[in-house]
Amino acid sequence: MRARAIIAALVLLAQPVLAQGFAGMGTEAEGFAMPVPGAGFDFPADHGPHPDYRIEWWYLTANLQGPDGTPYGLQWTLFRSALAPGEAEGWDSPQVWFAHAAVTTPEAHYSTERFARGGIGQAGVDADPFAAWIDDWRLAGPSLDELELRATGPGFAYDMGLQAEGPLVFHGEQGYSVKSAQGQASYYYSQPFYRIAGDLDLPGATVPVTGRAWLDREWSSQPLAADQLGWDWFSLTFESGDRLMAFQLRQSDGRDFSSGTWIGSEGATTALGDGALTATPLEVTQVAGRDVPTRWRLELPARGVDVTVTALNPRAWMDVSIPYWEGPVTVGGSHGGIGYLEMTGYD
Amino acid sequence: MTAAGFSALWSHWRRNPLQLFTLVAGLALATALWSGVQALNAQARASYDAAAAVLGEGRYDQLVPRAGDSIPQDSYLALRRAGWQVSPVLEGGVQAGQTRVRLVGIDPLTAPGGVGPMTRSDAADLPAFLSEGVVFAHPETARALADSVPQPVIADGGLAPETALTDIGVAQRLLNRDDLSRLILAEAQPIGRPDLETVAPGLIRRPSQQGSDIGQLTDSFHLNLTAFGLLSFAVGIFIVHGAIGLAFEQRRAMIRTLRTLGLSLRRIMLLMGLELAGLALLAGALGVALGYVLAAALLPDVAATLEGLYGAQVAGGLRLAPAWWLSGFGIALLGAALAGAGAFWTIARMPVLATGARAWAVATGRRRAAQGALALLLLILAGLGTLLGGGLLAGFASLASLLLGAALALPLVLDRLLALGEGRARGVRAQWFLADTRQQLPGLRLALMALLLAMAANIGVSTMVSSFRLTFTGFLDQRLFADLYVAAEDTAQGAELERFVAGRAEAVLPIQWVDTRIAGQPAEIYGARVAPAYAENWRFIARDGPVWDRVAAGEAAIINEQLARRANLWPGDALALAPGRTLPIAGVVGDYGNPIGQVVIGERLFVRLFPDAAPERFGLVTVDPARLRAALEGELGLAPGQITDQAALKAFSLGVFERTFTVTAALNVLTLAVAGFAILMSLLTLAAMRVPQLAPAWALGMTRASLGRLEVLRAVVLAALTLLVALPLGLALAWMLLAVINVEAFGWRLPMFLFPGDYAVLAALAILAALLAALWPARRLARTPPSDLLKVFANEG
């Protein structure tokens, strides 16, 4: 699940909602369309926006390596948040766009954000040929399989090319991903098989990098239950070529709701139901005045997985309007690998 | 013992209520004038800050169009798509009841942090602002606005007056526009952006104006007000100083008695200090209340002046924190301390058994010499300050030195004049009158100094205002020579208009300009279609050859006086107009309607240099303005509001100007009134003490009535003599205001004109004030019971 976009959506729902914390968000959905099981997808149209749903994102993370073997991570995310369902011309559009970009090195973490109104052309997504943009940031190409990626910030920039080496994968029940015991859900699919190469512009140097990237697509109108406080989300690529998407939603009653998808190296998926996997914090880092777990034990007994997930840079704090932790990780234990970790709700 | 001492001290005021009144009233007036003026300044500054905060003008650089006031929305998108972090702003006027409200549209998503009231309002959150189109407005205009716009209107005191803020989309709809006015540039910009020139060549970057442009422009106005406030305060303190000095003199005997009874000097000083502090607080309260009334009464004129002169908007109501008004008490205490310091010093050094009241100490030769030396020093300082120059503050310091030096010199000058008269006087009565007047000088000197300052300020300011008015009307005649002024809606309509009036008007003068920077200063470059009317009407301060021919040929430029003085550029010098383009300067013109630099070049050269700037405004010279106007409205379909005739424009400009100095004129009258009050109080307090001196004259056969008449005459003679000093002082003041302060503050020098008629009226007013002030004391003197006069002789020996 990638409900993390909601944190950014909160920027737009402003203070009254914020005051209630994560527990109060996304629980109302009057007038918005709701995901239903078994609806199926229509591509390439579904790579484009769904303005009748409240929130939606195009979420790309990548684990990279420089010529000297130094590991890096990058993030590029475009969010759409609707104040009302539907679309309109010009400034009257109820659609609001915002985006986050970040680069993580073992020593530093750079992050920045952008905002735009819908309807005037400053930001948007076209399905075919695929183009997602906000200001000068772009994720675009002839199709989702072949993309160019670009973002700039006050202290960094990157320019990348991506090539998909496998199929799209669908989470939950053919892309219908359940988020709570009460039935909150979203449409959710991924392209976890990108090869990526390009240049990172960092203070003092331009670094040519190569690596692997993972794109998530998700939209929904009511993704969280009222008692869910925050989440820990993992996307891991193992040396074997298998991949794992896993998340747990932390609830105010102390119980967690967990879910995930096991993705075989050829793209075959197995949905993991609530309780199939467990994630346990091993080490906490104080960052931006909060205690955030930056080393985890992740167990998936059904697949013989018992790994330690360690942040490349424990200080990968996204210093944006509503801050959160997101950064590259390394995987050791029963399986070796790399991946990304996102954590919200640690106040 | 302390209580008894206190009640003894207090009994003095009970026996001399007039003195008490003088003290309290003087201090209250001083406090009122000071705090009133400060209230006006604070209110105006708060308004500018509010305006700057809402519009993000203070903190952020902005992109503005090189010409005109419109940015296509596509330029905004092009900049954003190129990575430039800019936020759009649209401004325009909407009618709300009787007032025109400045509607500002912003995009809260891209606006740099903290812009606008969304960040503090509980009444509307961001989704409401975006989806419902909430309008925030200044409380004074919120209700009227609510009736004229469909959106919900929320009152917000943090906005500038007559300003409303809303979403950019709502603003475009309400103003029926699809463009933008300017772009706010965020502080943090991404790396690797293309140049502004390649993305949006029509825009230029305007640096942030820390403290805001308007603040700088209006500083001189506020400095003027502050100077007047200080002057009034000084006049008030003269009065208080007189009252305290007198009261302390008269209480010498009482102090001696209290000390011989065992009350320590220290305790007496403490009691008197407390007494004075108590009186100061009372006066402060009265003064603050009076100051509020004064500020509230003058605020509309101040607001009108600031808006007319600088376009700065000031709230119509006083809204200042209570803590601010407390500072009025501070000023009253400070004033009392200043005025009483000398008296306390005397008492502290007084021997226990010092003799009783000496009435007024006659100035000793040594003291007079010291005073003379100080006056001379101050006058020299004023002269040096003026000669050497060095900014507005130096100018005001010179002004203060001049006024204070002249005030200190006044008693000495009057004394010399009276002595001169005494030597030439025929007859005993005249000699006695002059000698007696001289003898009274020390007692009246503070009141006369106050009168001098008030009169000099009056002469100086009225000379400045009238000189300004003459120059300004001349300037308007020079500049507004076209008969009709037409504003097109856009450049397309401008071109259509130009075609339409060709043949219908004698001359069409496009008014087109670009904003730029010249010699590091903001400036406007105008492209003029040189017509005979220019040569006929424009007057140059300095010129070089056939100015207009050279300008028409694109070989030379005309600049205004502001630019000439600030950049020290004069005819013959080269002016860097644009990169790689310099022109010699052919002439410098006086420009009294404009704070920034201006350059005039020929139309052809202008079009070559700035091809994007198409004219939207035109001056039309015609013999029949009414017919041309009718044709423009009837045939071309222009709205009446797009056409202004010259007479209306002149009337408007002069109207703005007339209100400009209402405030200083009002302060002038008040200062004069305070000076008159000072004379009245001095004469009243002197009257009682003068009985021993008048008794012999009475005994020698002068009637009480004639003594009274002489008393009135004395006040008139002294006022007239003071006037003799005040006239040159006032003219010096006017010269400094026009030739020093004005150049420093505005960048132009005004020619000085003399107005003998005005001075005569002022002289009459000042003498009338002295006469009125002397009437009551003279009447009292004329009715002094003969028994009182007789007692003088009985008490002798």
# chains A, B, ... in the order shown; residues from 1 in each chain; ligands from 1
>>> closest_atom_pairs(of="chain A", to="chain B", cutoff="6 Å", atoms="only C-alpha atoms", output="JSON lines")
{"residue": "A:Trp91", "atom": "CA", "partner": "B:Gly169", "partner_atom": "CA", "distance": 4.9}
{"residue": "A:Phe115", "atom": "CA", "partner": "B:Leu109", "partner_atom": "CA", "distance": 5.8}
{"residue": "A:Gln122", "atom": "CA", "partner": "B:Leu77", "partner_atom": "CA", "distance": 5.9}
{"residue": "A:Asp135", "atom": "CA", "partner": "B:Arg81", "partner_atom": "CA", "distance": 4.1}
{"residue": "A:Asp136", "atom": "CA", "partner": "B:Arg81", "partner_atom": "CA", "distance": 4.4}
{"residue": "A:Thr152", "atom": "CA", "partner": "B:Pro190", "partner_atom": "CA", "distance": 5.6}
{"residue": "A:Gly153", "atom": "CA", "partner": "B:Pro190", "partner_atom": "CA", "distance": 4.2}
{"residue": "A:Pro154", "atom": "CA", "partner": "B:Pro190", "partner_atom": "CA", "distance": 3.8}
>>> write_last_selection(atoms="N, CA and C atoms", output="mmCIF file, in the first residue's frame")
data_model
loop_
_atom_site.group_PDB
_atom_site.id
_atom_site.type_symbol
_atom_site.label_atom_id
_atom_site.label_comp_id
_atom_site.auth_asym_id
_atom_site.auth_seq_id
_atom_site.Cartn_x
_atom_site.Cartn_y
_atom_site.Cartn_z
ATOM 1 N N TRP A 91 -8.510 28.267 -13.574
ATOM 2 C CA TRP A 91 -8.292 28.305 -12.120
ATOM 3 C C TRP A 91 -9.437 27.658 -11.358
ATOM 4 N N PHE A 115 4.195 22.917 -5.827
ATOM 5 C CA PHE A 115 2.736 22.972 -5.794
ATOM 6 C C PHE A 115 2.207 23.566 -7.094
ATOM 7 N N GLN A 122 -0.059 23.974 -15.535
ATOM 8 C CA GLN A 122 1.199 24.017 -14.780
ATOM 9 C C GLN A 122 1.614 22.613 -14.347
ATOM 10 N N ASP A 135 5.648 21.995 -13.091
ATOM 11 C CA ASP A 135 6.712 22.957 -13.391
ATOM 12 C C ASP A 135 7.698 22.329 -14.391
ATOM 13 N N ASP A 136 8.997 22.327 -14.018
ATOM 14 C CA ASP A 136 10.006 21.765 -14.914
ATOM 15 C C ASP A 136 10.316 20.301 -14.595
ATOM 16 N N THR A 152 14.435 19.294 -10.310
ATOM 17 C CA THR A 152 15.451 20.254 -9.857
ATOM 18 C C THR A 152 15.026 20.810 -8.506
ATOM 19 N N GLY A 153 16.003 21.125 -7.707
ATOM 20 C CA GLY A 153 15.734 21.744 -6.409
ATOM 21 C C GLY A 153 16.766 22.811 -6.158
ATOM 22 N N PRO A 154 16.658 23.537 -5.024
ATOM 23 C CA PRO A 154 17.622 24.598 -4.748
ATOM 24 C C PRO A 154 19.068 24.093 -4.671
#
>>> select_by_dssp(residues="range 38-86 of chain A", states="strand (DSSP E)", output="PyMOL selection string")
chain A and resi 55-65+71-82
>>> write_last_selection(atoms="C-alpha atoms", output="tab-separated table (two decimals), in the first residue's frame")
chain	number	residue	atom	x	y	z
A	55	ILE	CA	-6.24	11.27	-4.18
A	56	GLU	CA	-3.82	9.73	-6.65
A	57	TRP	CA	-0.08	9.46	-7.14
A	58	TRP	CA	2.74	8.56	-9.51
A	59	TYR	CA	5.46	7.48	-7.11
A	60	LEU	CA	8.96	6.59	-8.24
A	61	THR	CA	11.89	5.47	-6.07
A	62	ALA	CA	15.29	4.25	-7.23
A	63	ASN	CA	18.37	2.63	-5.71
A	64	LEU	CA	21.45	3.90	-7.54
A	65	GLN	CA	25.19	3.34	-7.62
A	71	PRO	CA	25.07	3.90	-3.14
A	72	TYR	CA	22.47	6.63	-3.71
A	73	GLY	CA	18.70	6.85	-3.64
A	74	LEU	CA	16.23	9.11	-5.40
A	75	GLN	CA	12.54	9.83	-5.11
A	76	TRP	CA	10.15	11.56	-7.54
A	77	THR	CA	6.47	11.75	-6.63
A	78	LEU	CA	3.58	13.59	-8.21
A	79	PHE	CA	0.40	13.80	-6.16
A	80	ARG	CA	-3.07	14.77	-7.26
A	81	SER	CA	-5.58	15.85	-4.64
A	82	ALA	CA	-9.16	16.80	-5.49
>>> atom_distance(atom1="CA of Leu387 in chain B", atom2="CA of Leu569 in chain B")
21.3 Å
>>> residues_around(residues="range 330-337 of chain A", least_positions_apart="5", cutoff="12 Å", atoms="only C-alpha atoms", output="number ranges by chain")
A: 63-64, 71-73, 106, 212, 234-244, 294-301, 303-314
>>> residues_around(residues="Ile331 in chain B", least_positions_apart="6", cutoff="10 Å", atoms="only C-alpha atoms", output="MDAnalysis selection string")
chainID B and resid 27 30:32 34:35 233 280:281 284 287:288 337
>>> write_last_selection(atoms="C-alpha atoms", output="PDB file, in the first residue's frame")
ATOM      1  CA  LEU B  27       2.521  69.882  29.655  1.00  0.00           C
ATOM      2  CA  ALA B  30       3.073  69.493  24.596  1.00  0.00           C
ATOM      3  CA  THR B  31       2.192  65.836  25.136  1.00  0.00           C
ATOM      4  CA  ALA B  32      -0.888  66.102  22.952  1.00  0.00           C
ATOM      5  CA  TRP B  34       3.775  65.150  20.270  1.00  0.00           C
ATOM      6  CA  SER B  35       1.721  62.005  20.773  1.00  0.00           C
ATOM      7  CA  PHE B 233       6.641  69.893  22.161  1.00  0.00           C
ATOM      8  CA  ALA B 280       3.089  65.126  34.908  1.00  0.00           C
ATOM      9  CA  LEU B 281       0.994  61.945  34.924  1.00  0.00           C
ATOM     10  CA  GLY B 284       0.071  63.106  30.400  1.00  0.00           C
ATOM     11  CA  GLY B 287      -2.357  65.118  26.733  1.00  0.00           C
ATOM     12  CA  VAL B 288      -2.869  61.590  25.492  1.00  0.00           C
ATOM     13  CA  ALA B 337      11.908  66.393  34.080  1.00  0.00           C
TER      14      ALA B 337
END
>>> closest_residue(among="B:Thr141, B:Ser181, B:Asn458, B:Ser706", to="Glu91 in chain B", atoms="only C-alpha atoms")
B:Ser181
>>> residues_around(residues="Gly275 in chain A", least_positions_apart="2", cutoff="8 Å", atoms="only C-alpha atoms", output="VMD selection string")
chain A and resid 257 to 259 273 277 to 278
>>> write_last_selection(atoms="C-alpha atoms", output="compact mmCIF listing (two decimals), in the first residue's frame")
# COMPACT_ATOMS: atom_id res chain seq x y z
CA PHE A 257 -2.94 -4.14 9.87
CA SER A 258 -0.34 -5.64 7.53
CA SER A 259 -0.40 -6.55 3.86
CA GLY A 273 -3.01 -11.06 3.78
CA LEU A 277 4.32 -10.81 7.64
CA THR A 278 5.70 -8.98 10.68
>>> residues_around(residues="Thr112 in chain A", least_positions_apart="5", cutoff="9 Å", atoms="only C-alpha atoms", output="list of chain:residue names")
A:Ala99, A:His100, A:Ala101, A:Ala102, A:Thr152, A:Gly153, A:Pro154, A:Met318, A:Asp319, A:Val320
>>> residues_around(residues="Ala247 in chain B", least_positions_apart="5", cutoff="12 Å", atoms="only C-alpha atoms", output="JSON list (two decimals) with C-alpha atoms, in the first residue's frame")
[["chain", "number", "residue", "atom", "x", "y", "z"],
["B", 9, "LEU", "CA", 4.02, 72.24, 49.37],
["B", 10, "TRP", "CA", 0.61, 71.53, 47.97],
["B", 11, "SER", "CA", -0.86, 74.68, 49.57],
["B", 12, "HIS", "CA", 1.18, 76.68, 47.07],
["B", 13, "TRP", "CA", -0.85, 75.31, 44.20],
["B", 14, "ARG", "CA", -4.06, 75.87, 46.14],
["B", 15, "ARG", "CA", -3.15, 79.52, 46.49],
["B", 16, "ASN", "CA", -1.98, 79.79, 42.87],
["B", 17, "PRO", "CA", -4.43, 77.79, 40.81],
["B", 18, "LEU", "CA", -3.45, 79.71, 37.70],
["B", 19, "GLN", "CA", 0.12, 78.50, 37.97],
["B", 20, "LEU", "CA", -1.10, 74.96, 38.42],
["B", 21, "PHE", "CA", -3.28, 75.34, 35.36],
["B", 22, "THR", "CA", -0.39, 76.72, 33.32],
["B", 23, "LEU", "CA", 1.83, 73.84, 34.32],
["B", 240, "VAL", "CA", 6.15, 74.36, 31.58],
["B", 241, "HIS", "CA", 9.68, 75.43, 32.33],
["B", 242, "GLY", "CA", 8.41, 78.93, 33.03],
["B", 252, "ARG", "CA", 11.90, 79.37, 48.41],
["B", 253, "ALA", "CA", 10.58, 80.88, 51.65],
["B", 254, "MET", "CA", 8.43, 77.86, 52.31],
["B", 255, "ILE", "CA", 11.34, 75.53, 51.69],
["B", 272, "MET", "CA", 8.66, 67.94, 45.19],
["B", 276, "LEU", "CA", 5.89, 67.01, 39.86],
["B", 340, "GLY", "CA", 12.10, 71.08, 36.16],
["B", 343, "ALA", "CA", 14.72, 74.44, 39.34],
["B", 344, "PHE", "CA", 15.71, 71.29, 41.26],
["B", 347, "ILE", "CA", 17.06, 74.16, 45.26],
["B", 357, "ALA", "CA", 11.55, 85.19, 46.78],
["B", 358, "ARG", "CA", 13.58, 87.30, 44.38],
["B", 359, "ALA", "CA", 10.72, 87.50, 41.98],
["B", 360, "TRP", "CA", 12.44, 86.86, 38.68],
["B", 685, "THR", "CA", 1.95, 85.39, 36.66],
["B", 686, "LEU", "CA", 4.09, 88.49, 36.28]]
>>> atom_distance(atom1="CA of Gly262 in chain B", atom2="CA of Arg349 in chain B")
17.4 Å
>>> atom_distance(atom1="CA of Gly676 in chain B", atom2="CA of Val24 in chain B")
16.2 Å
>>> closest_residue(among="B:Ala407, B:Leu484, B:Ala567, B:Val623", to="Lys650 in chain B", atoms="only C-alpha atoms")
B:Leu484
